[in-house]
Amino acid sequence: MSARREALLAGFVVLALYALTLYPDVPGGDSGELVAAVASGGVIHPPGYPLYALLGRLFVHLPHGTIAWRLSFLSAMCDAAAAGVLYAAVRRATGSRAGAVAAAALFASAPGVWRYAICAEVFALNNLFVCALLLVAVLYAQTRDRRYAIAGAFVLGLGLSNHHTIVFTGAPLVAWAAWIGRKDLLRPRTAGLLLLALAAGLAPYLSLPLADSRHAAVSWGAADTWHGFWTHVLRREYGTFQLAASGIAAPGDPMATVGAFAEDLAQAMGWWGLPGLALAVAGGVASWRSATPWASLGRVLVVPPLLAVGVMALLGNLPVSDPLHRGIVARFWQQPDVFFFVWCGVGVALVHRHARVLRWVAPAVATALAVVPVALRFASMDHHRDRLVASYGTEILRAAPPGAVLFTKGDLITNSVRYAQVAGGMRPDVHVIDLELLGFPWEVQRVRAKYPDVVIPGDRYMPGAPDGFVMKQLLDANVGGDRPAVLLCGGAKPGDLTADASYGRWPFGFCELVHSGSQPVNLDTWVAESAEALPRIDFDTLPRPPGSWEAIVWSDYWEVRNARAAHLLLVAGADPARRKYVGAAADMLADLVAANPDEPAHVWRNLAMALGRSGLDTPEKRAQAADAWRHWLALGPKDDPQRPAIEREVERLTRP
C-alpha cells in the first residue's frame with residue numbers, strides 16, 4: 001500500500017472512532033455561542049474565526065442530527081484529517097510506517113485532542129493546519145521545491161483565518177524556510193507569490209463585515225466598521241493571547257501553567273508514560289543531529305512548543321489552580337503536544353532502523369499505541385448520549401415566565417441558552433441579554449434594536465466607569481408595574497452590590513427572580529412556582545470529570561435546590577405565623593441529602609439549622625439534626641470559630 005493510501009486509511013479509522021463518541025448536542029464552553037453564531041449567520045467572538053464559520057455554514061445543512069452534532073462532525077473530520085496528515089509527514093520524514101503509526105495514534109487518542117474532536121470547537125481545524133504546515137515543511141526540506149513553500153504560505157494564511165495561535169508554528173517555519181531557501185524564496189517574484197498565497201489564505205476575514213451587517217441573533221462586535229473590524233480581528237477587547245476580558249479573570253502563575261502542561265503531556269502519553277517521553281527525547285535528539293535534509297527542520301521544531309507553552313503561560317490570564325480554568329487553558333496545549341508526538345514517532349522509527357535482531361519491536365509498539373490508549377480511554381471519552389449542557393439551557397428557558405427578560409452571565413449559562421433559543425427554536429418570547437457583553441457599547445446598541453421594550457439606562461454596564469451604569473439602574477428601569485418578569489442568571493458583575501438593598505432575588509430554577517423590595521411576595525405562590533422551575537435533568541451515569549462543564553451542571557443542579565430551601569428559611573424568619581415554611585425548608589433539605597448524600601458542608605448546616613428551628617420535638621428529629629451537624633463537622637472548615645459550640649450541640653442532641 002502506498003504511503004498516501006496509508007495516510008487516508010489512518011484518517012478514516014480515526015474518523016470512525018470520533019463519530020462513535022460525538023456529542024449529540026452542544027457541550028459547554030464556547031460551543032453554544034459558536035453553533036448559534038454559525039447557525040444565525042453572525043460573527044463569533046474575537047478574532048471571529050471566519051474560516052470555521054464559513055465551513056460551519058456548509059455543515060449545518062447536513063441531513064443528520066442536531067445542528068450542534070453537525071458542527072461536531074466538522075471537528076471530527078478536521079482532527080481525523082490532521083491524524084492522516086501527521087501520519088504522512090512522519091512517514092515522509094522517517095520512511096518508517098511504525099513511526100508514522102505511533103505519532104498519528106498518540107495524537108488521535110490524546111485526551112485533549114479527542115475531547116475537542118467530538119464537539120463544536122475551533123481547535124480541530126487548527127490542528128489540521130498545524131499538521132499540514134509540518135507536512136509541507138518536510139516536503140520543502142527534502143526537495144527545496146518552491147511550490148511547497150507557496151503552499152505553506154497559503155496554509156498559514158488559512159490557519160490564521162481560523163486561530164491566531166498557529167503563529168507559534170508558522171513563524172518559526174517561515175523563518176527557517178526563508179533562511180535555507182533564501183537564494184530562491186527572497187527573490188522579488190517568489191516573495192511576491194508567497195505574499196499573495198498568504199493573503200489568499202487570509203481572505204475569509206473579508207466575510208466578517210458581511211456577517212455583521214446581517215444583524216444576526218447571535219453576533220459579537222462591530223466588524224462592519226473599520227475600527228470595529230480591527231478591534232475584533234486583533235482581539236483588543238480581550239488582549240492578544242489572553243483568554244478572558246479584563247475584570248473577568250485573574251492573573252495566572254506561569255510556572256504553574258508550565259507544570260500543568262507537563263502533567264497533561266504525561267497524561268497524553270498515558271500508559272506509555274516515561275518510555276514514550278524517552279522515545280520522544282531520543283527522536284528529538286536524532287532529528288537535531290541528523291545529517292539528512294530533515295536535520296535543519298528537526299532543530300527548528302523545538303521552537304513551536306516552547307513558544308506555545310511559554311506565551312500562554314505568560315499572557316494567558318486564567319489560573320490553572322481552578323479545575324475549570326485549567327481545562328480552558330489546556331485546550332491550547334494540543335498544538336505543542338503535536339511536536340512531542342512527532343518526536344516519539346521519530347524515536348520509534350529510530351528503534352525500527354537499529355534494532356536489527358528485534359525487528360518486531362517497533363511494529364509491536366506502534367500497534368499497541370494504536371489500540372491500548374483507545375481501549376483505556378473510550379468509556380471516558382464517549383459522549384454520544386451526553387446532553388447535559390444542552391439540558392441546562394433548555395431548563396432555564398423552560399422555567400422562564402412568558403415574555404421574561406433574562407440577564408445572563410457566564411459561558412455555561414449564556415451559551416447554552418443561546419443555543420437552545422437560536423439553534424433549537426425554543427422560547428423566542430424570552431429576551432436573553434448577556435451582562436458581560438452589555439459592557440460593550442456595540443452590544444447596548446444591538447440590544448436596544450432587538451428588544452425595544454427593554455430599557456438600557458446608559459452606554460454600557462460597567463460599574464465604576466464614567467460612562468457606565470450599575471445593576472440598580474438597570475433593574476429600576478425594567479422591574480415593576482406591568483413589565484415582564486426579570487430573572488438574573490449568574491448574578492451581577494463582581495462587586496456590583498448596588499441593587500441588593502432595593503431588590504430581592506428569589507431562587508427560580510437555575511436563575512433568580514427579581515422582586516422590588518416594595519412588592520409583596522406570596523410565599524405559597526413562590527414555593528409552588530419555584531418547585532415547577534426546578535431543573536429536570538437525567539444524568540444517567542454520564543461522565544462528569546472534575547473541571548468539566550458536566551461537573552458544573554451536576555453541582556448547579558443540586559445547589560439550586562439548596563438555595564431554594566435556604567431562601568425559604570431566610571424569609572420565614574422567626575415569625576411564628578411562618579413556622580410551616582421552616583418545616584417545609586427542612587423537608588426540602590432532607591429530601592436533598594437523601595437524593596445526593598455527597599452534598600457539601602453548607603447544605604448539611606442549612607439542614608441542621610432548619611431542623612432546629614422547626615422544633616426538635618421527637619427523637620427522630622433530634623437524631624436527624626445530630627447527623628446533619630456531624631456531616632458539617634466532617635466536611636466544614638476546621639478553623640470555624642463555631643465548631644466547639646456545634647460539637648457541644650451534637651453531644652446535647654445525642655444525650656439519652
# chains A, B, ... in the order shown; residues from 1 in each chain; ligands from 1

$ residues_around --residues "A:Phe261" --least-positions-apart "6" --cutoff "10 Å" --atoms "only C-alpha atoms" --output "list in words"
Met255, Gln267, Val309, Ala313, Val320, Arg326, Val329, Ala330, Phe332, Trp333, Pro336 and Asp337 of chain A

$ write_last_selection --atoms "C-alpha atoms" --output "PDB file, in the first residue's frame"
ATOM      1  CA  MET A 255       5.335  28.194  36.405  1.00  0.00           C
ATOM      2  CA  GLN A 267      -1.393  12.033  30.611  1.00  0.00           C
ATOM      3  CA  VAL A 309       3.603  26.974  26.154  1.00  0.00           C
ATOM      4  CA  ALA A 313       1.975  30.806  30.416  1.00  0.00           C
ATOM      5  CA  VAL A 320      -4.709  26.729  36.424  1.00  0.00           C
ATOM      6  CA  ARG A 326      -7.189  24.650  33.878  1.00  0.00           C
ATOM      7  CA  VAL A 329      -6.118  26.714  29.291  1.00  0.00           C
ATOM      8  CA  ALA A 330      -5.409  23.074  28.387  1.00  0.00           C
ATOM      9  CA  PHE A 332      -4.199  25.357  23.807  1.00  0.00           C
ATOM     10  CA  TRP A 333      -1.799  22.505  24.574  1.00  0.00           C
ATOM     11  CA  PRO A 336       2.647  21.823  21.326  1.00  0.00           C
ATOM     12  CA  ASP A 337       1.674  18.197  22.004  1.00  0.00           C
TER      13      ASP A 337
END

$ residues_around --residues "A:Leu474" --least-positions-apart "3" --cutoff "7 Å" --atoms "only C-alpha atoms" --output "PyMOL selection string"
chain A and resi 456-457+470-471+477-478

$ write_last_selection --atoms "C-alpha atoms" --output "PDB file, in the first residue's frame"
ATOM      1  CA  ILE A 456     -30.847  50.126  28.879  1.00  0.00           C
ATOM      2  CA  PRO A 457     -30.091  53.130  31.114  1.00  0.00           C
ATOM      3  CA  VAL A 470     -24.899  49.773  37.562  1.00  0.00           C
ATOM      4  CA  MET A 471     -27.306  46.935  38.340  1.00  0.00           C
ATOM      5  CA  ALA A 477     -35.702  50.697  34.533  1.00  0.00           C
ATOM      6  CA  ASN A 478     -37.092  47.197  33.979  1.00  0.00           C
TER       7      ASN A 478
END

$ residues_around --residues "stretch 157-170 of chain A" --least-positions-apart "4" --cutoff "9 Å" --atoms "only C-alpha atoms" --output "VMD selection string"
chain A and resid 47 to 53 122 to 123 125 to 130 133 to 134 152 to 153 174 to 175 197 to 205 241 301 303 to 308 311 332 335 to 336

$ select_by_dssp --residues "stretch 283-416 of chain A" --states "strand (DSSP E)" --output "list of chain:residue names"
A:Val405, A:Leu406, A:Phe407, A:Thr408

$ closest_residue --among "A:Pro323, A:Leu15, A:Pro373, A:Arg70" --to "A:Pro546" --atoms "only C-alpha atoms"
A:Pro323

$ closest_residue --among "A:Ser502, A:Ser548, A:Ser96, A:Gln642" --to "A:Leu324" --atoms "only C-alpha atoms"
A:Ser548

$ residues_around --residues "A:Ile328" --least-positions-apart "4" --cutoff "12 Å" --atoms "only C-alpha atoms" --output "PyMOL selection string"
chain A and resi 28-30+112+115-116+123+242-244+249+257+260+312+316-324+332-334+411+547-549
